[in-house]
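Structure file model_39.txt; described as compact mmCIF, C-alpha atoms.
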# COMPACT_ATOMS: atom_id res chain seq x y z
CA MET A 1 27.72 52.75 32.84
CA LYS A 2 25.51 52.82 29.79
CA ASN A 3 25.47 49.11 28.96
CA GLU A 4 29.22 48.94 28.37
CA PRO A 5 30.25 45.37 27.78
CA HIS A 6 32.83 45.58 30.57
CA ALA A 7 30.85 47.33 33.32
CA THR A 8 31.80 45.81 36.65
CA HIS A 9 29.21 44.13 38.80
CA ALA A 10 29.63 46.95 41.32
CA ALA A 11 28.93 49.56 38.63
CA VAL A 12 25.84 47.69 37.39
CA ILE A 13 24.51 47.36 40.94
CA ALA A 14 25.29 51.01 41.71
CA ALA A 15 23.37 52.16 38.61
CA THR A 16 20.45 49.92 39.57
CA GLN A 17 20.43 51.19 43.16
CA ASP A 18 20.58 54.78 41.87
CA TRP A 19 17.52 54.09 39.69
CA LEU A 20 15.74 52.43 42.60
CA GLU A 21 16.41 55.38 44.90
CA LYS A 22 15.72 58.20 42.42
CA ALA A 23 12.89 56.76 40.33
CA VAL A 24 11.20 53.82 42.03
CA ILE A 25 11.40 55.20 45.58
CA GLY A 26 12.00 58.88 44.80
CA LEU A 27 8.94 59.15 42.54
CA ASN A 28 7.04 56.65 44.72
CA LEU A 29 6.44 54.39 41.70
CA CYS A 30 6.31 51.45 44.10
CA PRO A 31 5.13 52.34 47.61
CA PHE A 32 6.43 48.96 48.84
CA ALA A 33 10.05 49.39 47.70
CA LYS A 34 11.25 51.79 50.37
CA ALA A 35 10.78 49.44 53.32
CA VAL A 36 12.75 46.54 51.82
CA HIS A 37 15.43 48.98 50.61
CA VAL A 38 15.84 50.59 54.03
CA LYS A 39 15.92 47.17 55.72
CA LYS A 40 18.52 45.98 53.16
CA GLN A 41 16.31 43.03 52.19
CA ILE A 42 16.94 43.38 48.45
CA ARG A 43 19.41 40.96 46.91
CA TYR A 44 21.18 42.39 43.85
CA VAL A 45 22.58 39.76 41.47
CA VAL A 46 24.40 40.53 38.23
CA CYS A 47 24.24 37.79 35.64
CA ASP A 48 27.07 37.65 33.09
CA ALA A 49 25.02 35.47 30.72
CA THR A 50 25.24 36.22 27.03
CA GLU A 51 22.63 33.64 26.00
CA PRO A 52 19.03 33.25 27.21
CA GLU A 53 19.68 29.64 28.25
CA GLN A 54 22.41 30.80 30.63
CA LEU A 55 20.09 33.44 32.05
CA LEU A 56 17.35 30.84 32.55
CA SER A 57 19.74 28.64 34.52
CA MET A 58 20.71 31.53 36.79
CA LEU A 59 17.07 32.63 37.09
CA MET A 60 16.14 29.16 38.31
CA ASP A 61 19.01 29.20 40.82
CA GLU A 62 17.90 32.62 42.10
CA LEU A 63 14.25 31.58 42.32
CA GLN A 64 15.26 28.61 44.45
CA SER A 65 17.59 30.76 46.53
CA LEU A 66 14.84 33.30 47.21
CA SER A 67 12.37 30.54 48.04
CA ASP A 68 14.84 29.04 50.53
CA ALA A 69 15.95 32.35 52.08
CA ASP A 70 14.60 33.82 55.29
CA PRO A 71 12.27 36.66 54.19
CA GLU A 72 13.63 38.82 57.01
CA GLN A 73 17.05 38.58 55.38
CA VAL A 74 16.14 38.54 51.67
CA ASP A 75 12.64 39.61 50.72
CA THR A 76 13.19 40.19 47.02
CA THR A 77 15.85 39.78 44.34
CA LEU A 78 16.82 41.95 41.39
CA LEU A 79 18.47 39.74 38.77
CA ILE A 80 20.25 42.21 36.49
CA HIS A 81 21.46 40.86 33.15
CA PRO A 82 23.27 43.54 31.12
CA HIS A 83 24.64 41.25 28.38
CA VAL A 84 21.58 39.29 27.31
CA LEU A 85 18.08 40.21 26.10
CA GLY A 86 19.01 43.81 25.39
CA ASP A 87 16.31 43.86 22.72
CA PHE A 88 13.00 44.46 24.45
CA LEU A 89 10.98 42.12 22.21
CA ASP A 90 13.37 39.24 22.97
CA TYR A 91 13.22 40.14 26.65
CA ASN A 92 9.43 40.26 26.59
CA GLU A 93 9.28 36.79 25.02
CA PHE A 94 11.64 35.50 27.72
CA LEU A 95 9.10 36.48 30.39
CA ASP A 96 6.97 33.51 29.26
CA VAL A 97 10.01 31.28 29.82
CA ALA A 98 10.43 32.78 33.30
CA ASP A 99 6.79 32.08 34.14
CA ALA A 100 7.16 28.50 32.85
CA ALA A 101 10.21 28.06 35.11
CA LEU A 102 8.12 29.12 38.11
CA GLU A 103 5.53 26.49 37.17
CA ASP A 104 8.15 23.78 36.54
CA MET A 105 9.76 24.49 39.93
CA ASP A 106 6.39 24.45 41.73
CA LEU A 107 7.01 28.03 42.85
CA ALA A 108 4.02 29.63 41.10
CA GLY A 109 1.83 31.07 43.83
CA GLN A 110 4.88 31.54 46.06
CA LEU A 111 7.04 33.74 43.83
CA GLN A 112 6.51 35.87 40.76
CA VAL A 113 8.70 37.69 38.26
CA ALA A 114 8.21 41.37 37.45
CA SER A 115 10.00 43.02 34.55
CA PHE A 116 12.12 46.12 33.97
CA HIS A 117 14.10 47.02 30.87
CA PRO A 118 15.79 50.14 29.39
CA GLN A 119 13.48 49.87 26.34
CA TYR A 120 10.33 48.81 28.20
CA GLN A 121 7.23 49.40 26.13
CA PHE A 122 3.63 48.73 27.07
CA ALA A 123 1.21 47.50 24.41
CA ASP A 124 -0.47 50.30 22.45
CA THR A 125 2.23 52.87 23.25
CA GLU A 126 4.94 54.46 21.17
CA GLN A 127 8.53 53.63 22.13
CA ASN A 128 9.25 57.09 23.52
CA ASP A 129 5.94 57.54 25.40
CA ILE A 130 6.71 58.65 28.95
CA ASP A 131 4.21 56.05 30.24
CA ASN A 132 6.78 53.33 29.44
CA TYR A 133 9.31 54.85 31.83
CA THR A 134 7.45 53.42 34.83
CA ASN A 135 9.19 50.13 33.99
CA ARG A 136 12.45 51.42 32.51
CA SER A 137 15.59 50.45 34.37
CA PRO A 138 19.26 51.02 33.57
CA TYR A 139 19.73 47.37 32.58
CA PRO A 140 17.39 44.49 31.75
CA THR A 141 16.22 43.22 35.13
CA LEU A 142 14.03 40.42 36.40
CA HIS A 143 12.49 41.27 39.76
CA LEU A 144 11.79 38.18 41.83
CA LEU A 145 9.10 38.77 44.42
CA ARG A 146 7.44 36.77 47.16
CA GLU A 147 3.67 36.46 46.80
CA ASP A 148 3.28 36.74 50.61
CA SER A 149 5.12 40.06 50.58
CA ILE A 150 2.93 41.36 47.78
CA GLU A 151 -0.21 40.35 49.65
CA ARG A 152 0.97 42.09 52.84
CA ALA A 153 1.87 45.21 50.89
CA VAL A 154 -1.50 45.28 49.11
CA ASP A 155 -3.29 44.86 52.45
CA ALA A 156 -1.31 47.83 53.81
CA PHE A 157 -2.01 49.92 50.70
CA PRO A 158 -5.74 49.60 49.93
CA GLU A 159 -5.46 51.59 46.70
CA ALA A 160 -2.89 49.17 45.23
CA SER A 161 -4.96 48.72 42.08
CA GLU A 162 -4.51 52.44 41.40
CA ILE A 163 -0.69 52.40 41.52
CA PHE A 164 -0.27 51.83 37.78
CA GLU A 165 -2.53 54.75 36.82
CA ARG A 166 -0.95 57.00 39.46
CA ASN A 167 2.52 56.16 38.16
CA ILE A 168 1.59 57.07 34.61
CA GLU A 169 0.14 60.36 35.80
CA THR A 170 3.30 61.06 37.83
CA LEU A 171 5.49 60.49 34.79
CA ARG A 172 3.25 62.51 32.50
CA GLN A 173 3.58 65.43 34.91
CA LEU A 174 7.34 64.87 35.16
CA GLY A 175 7.79 64.60 31.39
CA HIS A 176 10.93 63.62 29.52
CA ASP A 177 12.84 66.67 30.73
CA GLY A 178 12.07 65.83 34.35
CA TRP A 179 13.08 62.21 33.81
CA ASP A 180 16.35 63.32 32.23
CA ARG A 181 17.04 65.54 35.25
CA LEU A 182 16.89 62.46 37.47
CA ASP A 183 20.09 61.41 35.67
CA ILE A 184 19.63 57.71 36.22
CA GLY A 185 21.48 56.32 33.25
CA PRO A 186 20.66 54.30 30.16
CA ALA A 187 16.89 54.15 30.59
CA GLN A 188 16.67 57.88 30.04
CA LYS A 189 18.25 57.47 26.60
CA ALA A 190 16.19 54.49 25.45

What is this file in structure tokens?
Amino acid sequence: MKNEPHATHAAVIAATQDWLEKAVIGLNLCPFAKAVHVKKQIRYVVCDATEPEQLLSMLMDELQSLSDADPEQVDTTLLIHPHVLGDFLDYNEFLDVADAALEDMDLAGQLQVASFHPQYQFADTEQNDIDNYTNRSPYPTLHLLREDSIERAVDAFPEASEIFERNIETLRQLGHDGWDRLDIGPAQKA
């Protein structure tokens, strides 16, 4: 499942769900993820795009689909794109394109795009710093979120501004060996 060019959609989704369960929920990196996971309100979409333009087209379709969907049925979408933007710097530049699409579609303020990537790297960190693993996923992934859901979650979790720092501390305590023991796929080898 490690970014093979012929991984099936089911295998890509399974690896992503494994990461979600073991890292995001299991390490409590996002205290809001468990509820939508348990309620099966996460839409998993695998994009076969090999060019950023193709991904943008599918991203726009998925943004519209999420905007139109009943939040009780689909609260959030993970758009997984294993064959395009494998290089983190290219991926990071694409995030500006994603934000522009939200603006162009008049969905800014309603939806937002969060980012996960096997090579995720925060500014002022080294590539292998454990801090980066808070946003490392098995495959490049755009997480489409509803602003209303974020607001409700933040209201329910008053220390939301401390999540980022807590996550870094969690991963520093876990270390690379602990991350590797989670056995969640490509992100561990990035």

Legend entry - Contacts of Ala114 of chain A within 7 Å, all atoms listed in the file, excl. fewer than 5 positions in-chain, as JSON, numbers by chain: {"A": [142, 143, 144]}

Atoms kept (C-alpha atoms) for selection, written as a PDB file, in the frame of the given file:
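So part_10.pdb came out as:
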ATOM      1  CA  LEU A 142      14.030  40.420  36.400  1.00  0.00           C
ATOM      2  CA  HIS A 143      12.490  41.270  39.760  1.00  0.00           C
ATOM      3  CA  LEU A 144      11.790  38.180  41.830  1.00  0.00           C
TER       4      LEU A 144
END

How close does each residue of segment 5-99 of chain A get to segment 169-186 of chain A, giving the shortest atom pair and distance in Å to one decimal for every residue with an atom at most 8 Å away, counting all atoms listed in the file, sorted by chain and residue number, as CSV?
residue,atom,partner,partner_atom,distance
A:Ala15,CA,A:Gly185,CA,7.0
A:Asp18,CA,A:Ile184,CA,6.4
A:Trp19,CA,A:Ile184,CA,5.4
A:Lys22,CA,A:Leu182,CA,6.6
A:Ala23,CA,A:Leu182,CA,7.5
A:Leu27,CA,A:Thr170,CA,7.6

Legend entry - Closest of A:Thr76, A:Tyr44, A:His81, A:Arg166 to Phe32 of chain A - atom-to-atom distances counting only C-alpha atoms: A:Thr76

Inset, instruction - Compile the contact shell of Thr141 of chain A as a PyMOL selection string: residues with an atom at most 10 Å away, counting all atoms listed in the file, same-chain residues fewer than 4 positions apart removed. - result: chain A and resi 16+45-47+77-82+85+91+113-118+135-137

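With distances restricted to only C-alpha atoms, A:Thr134 is the closest residue to Val24 of chain A from A:Thr134, A:Gln73, A:Asn92, A:Asn128.
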
Inset, instruction - Using atom CA of Arg146 of chain A and atom CA of Ile130 of chain A as the two end points, give the distance in Å to one decimal. - result: 28.5 Å

Inset, instruction - Point out the residue among A:Leu20, A:Ala14, A:Ala69, A:Cys30 with the least atom-to-atom distance to Ile168 of chain A, counting all atoms listed in the file. - result: A:Cys30

Inset, instruction - With only C-alpha atoms counted, which protein, DNA or RNA residues have an atom no more than 12 Å from (14.5, 48.1, 52.3) in the file frame? Please answer as a ChimeraX atom specification. - result: /A:17,20-21,25,31-43,71-77

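Of the residues under consideration (A:Glu165, A:Gln54, A:Asp87, A:Ser149), A:Asp87 shows the shortest atom-to-atom contact distance to Gln121 of chain A when counting all atoms listed in the file.
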
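With atom CA of Thr50 of chain A on one side and atom CA of Asp99 of chain A on the other, the separation reads 20.2 Å.
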
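Nearest residue to Glu162 of chain A, choosing from A:Ala11, A:Leu102, A:Leu29, A:Leu145 and counting all atoms listed in the file: A:Leu29.
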
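Distance annotation: of A:Leu111, A:Thr125, A:Ile163, A:Asn132, the residue with the minimal separation from Leu66 of chain A is A:Leu111; atom set is all atoms listed in the file.
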
Legend entry - Computed interatomic separation between atom CA of Thr8 of chain A and atom CA of Leu55 of chain A (Å): 17.6 Å

Using all atoms listed in the file, list the residues that have an atom at most 10 Å from (11.2, 31.7, 32.2), coordinates as in the file, as a PDB file with C-alpha atoms, in the coordinates of the input.
ATOM      1  CA  PRO A  52      19.030  33.250  27.210  1.00  0.00           C
ATOM      2  CA  GLU A  53      19.680  29.640  28.250  1.00  0.00           C
ATOM      3  CA  LEU A  55      20.090  33.440  32.050  1.00  0.00           C
ATOM      4  CA  LEU A  56      17.350  30.840  32.550  1.00  0.00           C
ATOM      5  CA  SER A  57      19.740  28.640  34.520  1.00  0.00           C
ATOM      6  CA  LEU A  59      17.070  32.630  37.090  1.00  0.00           C
ATOM      7  CA  MET A  60      16.140  29.160  38.310  1.00  0.00           C
ATOM      8  CA  GLU A  93       9.280  36.790  25.020  1.00  0.00           C
ATOM      9  CA  PHE A  94      11.640  35.500  27.720  1.00  0.00           C
ATOM     10  CA  LEU A  95       9.100  36.480  30.390  1.00  0.00           C
ATOM     11  CA  ASP A  96       6.970  33.510  29.260  1.00  0.00           C
ATOM     12  CA  VAL A  97      10.010  31.280  29.820  1.00  0.00           C
ATOM     13  CA  ALA A  98      10.430  32.780  33.300  1.00  0.00           C
ATOM     14  CA  ASP A  99       6.790  32.080  34.140  1.00  0.00           C
ATOM     15  CA  ALA A 100       7.160  28.500  32.850  1.00  0.00           C
ATOM     16  CA  ALA A 101      10.210  28.060  35.110  1.00  0.00           C
ATOM     17  CA  LEU A 102       8.120  29.120  38.110  1.00  0.00           C
ATOM     18  CA  GLU A 103       5.530  26.490  37.170  1.00  0.00           C
ATOM     19  CA  ASP A 104       8.150  23.780  36.540  1.00  0.00           C
ATOM     20  CA  VAL A 113       8.700  37.690  38.260  1.00  0.00           C
TER      21      VAL A 113
END

May I ask you to restore N, CA and C atoms in segment 30-56 of chain A and write the result as a PDB file, keeping the file's coordinate frame?
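Okay, this is what ended up in part_6.pdb:
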ATOM      1  N   CYS A  30       6.702  52.658  43.367  1.00  0.00           N
ATOM      2  CA  CYS A  30       6.310  51.450  44.100  1.00  0.00           C
ATOM      3  C   CYS A  30       6.335  51.796  45.590  1.00  0.00           C
ATOM      4  N   PRO A  31       5.168  51.960  46.185  1.00  0.00           N
ATOM      5  CA  PRO A  31       5.130  52.340  47.610  1.00  0.00           C
ATOM      6  C   PRO A  31       5.665  51.249  48.534  1.00  0.00           C
ATOM      7  N   PHE A  32       5.948  50.067  48.014  1.00  0.00           N
ATOM      8  CA  PHE A  32       6.430  48.960  48.840  1.00  0.00           C
ATOM      9  C   PHE A  32       7.949  48.862  48.827  1.00  0.00           C
ATOM     10  N   ALA A  33       8.611  49.549  47.895  1.00  0.00           N
ATOM     11  CA  ALA A  33      10.050  49.390  47.700  1.00  0.00           C
ATOM     12  C   ALA A  33      10.886  49.993  48.837  1.00  0.00           C
ATOM     13  N   LYS A  34      10.429  51.093  49.384  1.00  0.00           N
ATOM     14  CA  LYS A  34      11.250  51.790  50.370  1.00  0.00           C
ATOM     15  C   LYS A  34      11.558  50.933  51.587  1.00  0.00           C
ATOM     16  N   ALA A  35      10.574  50.229  52.094  1.00  0.00           N
ATOM     17  CA  ALA A  35      10.780  49.440  53.320  1.00  0.00           C
ATOM     18  C   ALA A  35      11.835  48.366  53.118  1.00  0.00           C
ATOM     19  N   VAL A  36      11.761  47.610  52.017  1.00  0.00           N
ATOM     20  CA  VAL A  36      12.750  46.540  51.820  1.00  0.00           C
ATOM     21  C   VAL A  36      14.126  47.128  51.496  1.00  0.00           C
ATOM     22  N   HIS A  37      14.146  48.308  50.887  1.00  0.00           N
ATOM     23  CA  HIS A  37      15.430  48.980  50.610  1.00  0.00           C
ATOM     24  C   HIS A  37      16.079  49.428  51.919  1.00  0.00           C
ATOM     25  N   VAL A  38      15.313  50.084  52.760  1.00  0.00           N
ATOM     26  CA  VAL A  38      15.840  50.590  54.030  1.00  0.00           C
ATOM     27  C   VAL A  38      16.299  49.427  54.921  1.00  0.00           C
ATOM     28  N   LYS A  39      15.561  48.327  54.904  1.00  0.00           N
ATOM     29  CA  LYS A  39      15.920  47.170  55.720  1.00  0.00           C
ATOM     30  C   LYS A  39      17.017  46.311  55.076  1.00  0.00           C
ATOM     31  N   LYS A  40      17.470  46.720  53.888  1.00  0.00           N
ATOM     32  CA  LYS A  40      18.520  45.980  53.160  1.00  0.00           C
ATOM     33  C   LYS A  40      18.104  44.532  52.899  1.00  0.00           C
ATOM     34  N   GLN A  41      16.841  44.358  52.481  1.00  0.00           N
ATOM     35  CA  GLN A  41      16.310  43.030  52.190  1.00  0.00           C
ATOM     36  C   GLN A  41      16.241  42.741  50.694  1.00  0.00           C
ATOM     37  N   ILE A  42      16.901  43.589  49.898  1.00  0.00           N
ATOM     38  CA  ILE A  42      16.940  43.380  48.450  1.00  0.00           C
ATOM     39  C   ILE A  42      18.274  42.729  48.096  1.00  0.00           C
ATOM     40  N   ARG A  43      18.199  41.627  47.401  1.00  0.00           N
ATOM     41  CA  ARG A  43      19.410  40.960  46.910  1.00  0.00           C
ATOM     42  C   ARG A  43      19.628  41.413  45.472  1.00  0.00           C
ATOM     43  N   TYR A  44      20.800  41.952  45.183  1.00  0.00           N
ATOM     44  CA  TYR A  44      21.180  42.390  43.850  1.00  0.00           C
ATOM     45  C   TYR A  44      22.131  41.345  43.262  1.00  0.00           C
ATOM     46  N   VAL A  45      21.766  40.787  42.116  1.00  0.00           N
ATOM     47  CA  VAL A  45      22.580  39.760  41.470  1.00  0.00           C
ATOM     48  C   VAL A  45      22.812  40.188  40.026  1.00  0.00           C
ATOM     49  N   VAL A  46      24.075  40.223  39.623  1.00  0.00           N
ATOM     50  CA  VAL A  46      24.400  40.530  38.230  1.00  0.00           C
ATOM     51  C   VAL A  46      24.727  39.219  37.535  1.00  0.00           C
ATOM     52  N   CYS A  47      24.055  38.996  36.424  1.00  0.00           N
ATOM     53  CA  CYS A  47      24.240  37.790  35.640  1.00  0.00           C
ATOM     54  C   CYS A  47      25.085  38.135  34.413  1.00  0.00           C
ATOM     55  N   ASP A  48      26.185  37.411  34.225  1.00  0.00           N
ATOM     56  CA  ASP A  48      27.070  37.650  33.090  1.00  0.00           C
ATOM     57  C   ASP A  48      26.661  36.875  31.838  1.00  0.00           C
ATOM     58  N   ALA A  49      25.488  36.265  31.857  1.00  0.00           N
ATOM     59  CA  ALA A  49      25.020  35.470  30.720  1.00  0.00           C
ATOM     60  C   ALA A  49      25.015  36.289  29.441  1.00  0.00           C
ATOM     61  N   THR A  50      25.333  35.606  28.354  1.00  0.00           N
ATOM     62  CA  THR A  50      25.240  36.220  27.030  1.00  0.00           C
ATOM     63  C   THR A  50      24.213  35.502  26.166  1.00  0.00           C
ATOM     64  N   GLU A  51      23.655  34.421  26.704  1.00  0.00           N
ATOM     65  CA  GLU A  51      22.630  33.640  26.000  1.00  0.00           C
ATOM     66  C   GLU A  51      21.435  33.437  26.925  1.00  0.00           C
ATOM     67  N   PRO A  52      20.217  33.438  26.374  1.00  0.00           N
ATOM     68  CA  PRO A  52      19.030  33.250  27.210  1.00  0.00           C
ATOM     69  C   PRO A  52      19.048  31.966  28.039  1.00  0.00           C
ATOM     70  N   GLU A  53      19.635  30.903  27.507  1.00  0.00           N
ATOM     71  CA  GLU A  53      19.680  29.640  28.250  1.00  0.00           C
ATOM     72  C   GLU A  53      20.500  29.795  29.529  1.00  0.00           C
ATOM     73  N   GLN A  54      21.579  30.554  29.452  1.00  0.00           N
ATOM     74  CA  GLN A  54      22.410  30.800  30.630  1.00  0.00           C
ATOM     75  C   GLN A  54      21.629  31.626  31.659  1.00  0.00           C
ATOM     76  N   LEU A  55      20.902  32.619  31.165  1.00  0.00           N
ATOM     77  CA  LEU A  55      20.090  33.440  32.050  1.00  0.00           C
ATOM     78  C   LEU A  55      19.018  32.582  32.728  1.00  0.00           C
ATOM     79  N   LEU A  56      18.380  31.705  31.974  1.00  0.00           N
ATOM     80  CA  LEU A  56      17.350  30.840  32.550  1.00  0.00           C
ATOM     81  C   LEU A  56      17.922  29.995  33.674  1.00  0.00           C
TER      82      LEU A  56
END
